[in-house]
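Below: the structure, in structure tokens.
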Amino acid sequence: MSFTVCANSPSLFAIIDGNNFFVSCERVFNPSLNNKPVIVLSSNDGCAIARSNEAKALGIPMAAPLHSFSHLIKSHDVKILSCNFELYGDLSNRMMHILKTFTPDVEVYSIDEAFLNLSHLPAKDYTAFARSLYDTLLKCIGIPITIGMAQTKTLAKVANRIAKKHRMTNLILNTPEIINKALAATKIGDVWGIGRALEPKLKLHGIYTAYDMAQKDPRWARNKMTVAGERLVRELQGIACLPLNTEELDRQNIQVTRSFGVRLSEFDDIAEAISSHATRLGEQLRKRNLLTQTLSVFCKTSPFSKMSYYKGNGIVGFDAPTNDTRALIKGAIQALKQAYQAGHSFQSAGIHAMNLTKEGAVTQKQLFTETSHQKISLTKQQTQSKKLNQAIDAVNQRQGKNALFWASNGINPRYNVKQNQRSPRYTTKWDELLLVG
DNA sequence: TCTGGGGTCCTAGGACCC
DNA sequence: TCTGGGGTCCTAGGACCC
């Protein structure tokens, strides 16, 4: 793998992220949650995926399963919410839109984070700019943010982390003294790019903080951690290796995975879930004008169960790349037959589309396997499928998800996830608007 | 009893070719 | 009996992120 240090890279990066983002989204429409411990749960109300500062102070860890802190919920009146990604996604879009009014050089990094290039600003204006960004987002969307600024993305992440810890709205690392102090105060496991597996390995080499890592020779890091290690050391040393990616790239793969509301054993029940996942997948592919050549499907038992763990996989390929829901469902069920094994208590199932291509591009396989006559008849069929899928998408867009659905998804499906505490989708559903009495 | 879901990048190793 | 070496492509799996 080739390795390059970025040429013409911004001389100052900012990372902006929404504080406890999902909790903050909920608080926008429900101020009674302010100043209280609040938790947002993962799909199926499984574990904590966002915590307010008050909930963090109670010692509820990230990704902790609900049952492991149920005693705290009662004793400290912790407010519990199911996740509402439609709401979070919409507020995220609004946040990114506002950021782009400040500068066009925005990289949307995740639902709650964006990198900005601030090189165009005079040095004396950095803090005022950050303050203005904070005030605007709080006023227009109601989401508090934290801003970290430094000469590389990795250092900006360090700045952001420290700012958050000290409840500051922004922090800039702009002198060697401040940078070294910040690095020394950052545990190696808290550095962006160092995960669970690398942390203990680095400690064996006497690296406990980001400062220790920054003292290493990049060649040493490459030897121990391959190209990512070399990049990390250089970034910590202030040499930008990660560019600002302002272009939104096409997805390389799309997956739809859900755990079931209850354990399922029968093939037909799991087939209904997979059929529903294939429907969601089709919607995603069409929204992005993508086609898939290959589908893989899995079903698995719970990894936490005392019973022996089972995961089955199945894979199907299509003659021509497709995003037609009917073809996807048919292929997915075929793949599930390979993955399924009777006698297990299944906990979740998923579908994964790979080898994605842009709609309109003809593959080499099509080019050489179809006569012109076949090509014309296929095109006609594809046109009909496209119209059908478009019509269904339009109805569901207007009338709500699943207003029209495929019978194979099940009339009263047993796979439905639990979402007992979901807030209204205030900003995207007319019948769920906030009412002021 | 109860433990999420959706991504990316990188490498090693096998198959295959000349 | 003696049986190369270098290249590409693909896939699985591990690591990371949010």
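Residue names in the structure tokens use chain letters A, B, ... in the order shown, residue numbers from 1 in each chain, and ligand numbers from 1 in the order shown.
With only C-alpha atoms (C1' of nucleotides) taken into account, the protein and nucleic acid residues at most 12 Å from DC9 of chain C (excluding it and anything under 4 positions from it in its own chain) are DG14, DA15, DC16 and DC17 of chain B.
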(Q) Can you tell me, as a ChimeraX atom specification, which residues in segment 7-202 of chain A count as alpha helix (DSSP H) by DSSP? (A) /A:21-29,53-57,70-76,85-102,126-140,153-165,176-184,198-202
(Q) Can you pull out the residues contacting DG7 of chain B? Cut-off 10 Å, using only C-alpha atoms (C1' of nucleotides), and skip same-chain residues under 4 positions away; I want them as a PyMOL selection string. (A) (chain A and resi 110+251-255) or (chain C and resi 17-18)
Generate the output file for the selected residues, N, CA and C atoms (P, O5', C5', C4', C3', O3' and C1' of nucleotides), as a PDB file, in the first residue's frame.
ATOM      1  N   SER A 110     -19.563  11.767  10.302  1.00  0.00           N
ATOM      2  CA  SER A 110     -20.519  10.801  10.864  1.00  0.00           C
ATOM      3  C   SER A 110     -21.805  11.558  11.142  1.00  0.00           C
ATOM      4  N   ARG A 251     -21.320   4.431  -1.733  1.00  0.00           N
ATOM      5  CA  ARG A 251     -21.116   3.310  -0.813  1.00  0.00           C
ATOM      6  C   ARG A 251     -20.479   2.123  -1.527  1.00  0.00           C
ATOM      7  N   GLN A 252     -19.620   1.411  -0.818  1.00  0.00           N
ATOM      8  CA  GLN A 252     -19.032   0.191  -1.372  1.00  0.00           C
ATOM      9  C   GLN A 252     -19.869  -1.028  -1.018  1.00  0.00           C
ATOM     10  N   ASN A 253     -20.574  -0.949   0.101  1.00  0.00           N
ATOM     11  CA  ASN A 253     -21.518  -2.002   0.453  1.00  0.00           C
ATOM     12  C   ASN A 253     -22.596  -1.448   1.371  1.00  0.00           C
ATOM     13  N   ILE A 254     -23.724  -2.128   1.373  1.00  0.00           N
ATOM     14  CA  ILE A 254     -24.846  -1.703   2.207  1.00  0.00           C
ATOM     15  C   ILE A 254     -25.380  -2.935   2.929  1.00  0.00           C
ATOM     16  N   GLN A 255     -25.601  -2.794   4.218  1.00  0.00           N
ATOM     17  CA  GLN A 255     -26.149  -3.936   4.941  1.00  0.00           C
ATOM     18  C   GLN A 255     -27.366  -3.532   5.763  1.00  0.00           C
TER      19      GLN A 255
ATOM     20  P    DC C  17     -10.798   3.463  17.110  1.00  0.00           P
ATOM     21  O5'  DC C  17     -11.903   3.997  16.104  1.00  0.00           O
ATOM     22  C5'  DC C  17     -11.550   4.989  15.147  1.00  0.00           C
ATOM     23  C4'  DC C  17     -12.772   5.356  14.356  1.00  0.00           C
ATOM     24  C3'  DC C  17     -13.980   5.693  15.221  1.00  0.00           C
ATOM     25  O3'  DC C  17     -13.904   7.040  15.627  1.00  0.00           O
ATOM     26  C1'  DC C  17     -14.642   4.268  13.451  1.00  0.00           C
ATOM     27  P    DC C  18     -14.730   7.563  16.826  1.00  0.00           P
ATOM     28  O5'  DC C  18     -16.236   7.604  16.321  1.00  0.00           O
ATOM     29  C5'  DC C  18     -16.594   8.487  15.259  1.00  0.00           C
ATOM     30  C4'  DC C  18     -18.031   8.188  14.908  1.00  0.00           C
ATOM     31  C3'  DC C  18     -18.946   8.270  16.123  1.00  0.00           C
ATOM     32  O3'  DC C  18     -19.537   9.565  16.164  1.00  0.00           O
ATOM     33  C1'  DC C  18     -19.376   6.291  14.867  1.00  0.00           C
TER      34       DC C  18
END
Q: Output as a ChimeraX atom specification the set of chain A residues within 9 Å of chain C, with distances taken over only C-alpha atoms (C1' of nucleotides).
A: /A:109-113,192-195,197-198
(Q) Residues near Leu264 of chain A, anyone? I mean within 9 Å using only C-alpha atoms (C1' of nucleotides), not counting same-chain ones fewer than 4 positions away, as a VMD selection string. (A) chain A and resid 260 269 to 270 344 to 348 414 to 415
Q | Backbone DSSP call of strand (DSSP E or B) for segment 176-372 of chain A, listed as a ChimeraX atom specification | A | /A:187,209,254-264,290-301,311-322,346-358
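With only C-alpha atoms (C1' of nucleotides) taken into account, the protein and nucleic acid residues at most 7 Å from Cys25 of chain A (excluding it and anything under 4 positions from it in its own chain) are Phe21, Tyr88 and Ile143 of chain A.
Here atom CA of Ile411 of chain A is placed at a distance of 24.7 Å from atom CA of Gln338 of chain A.
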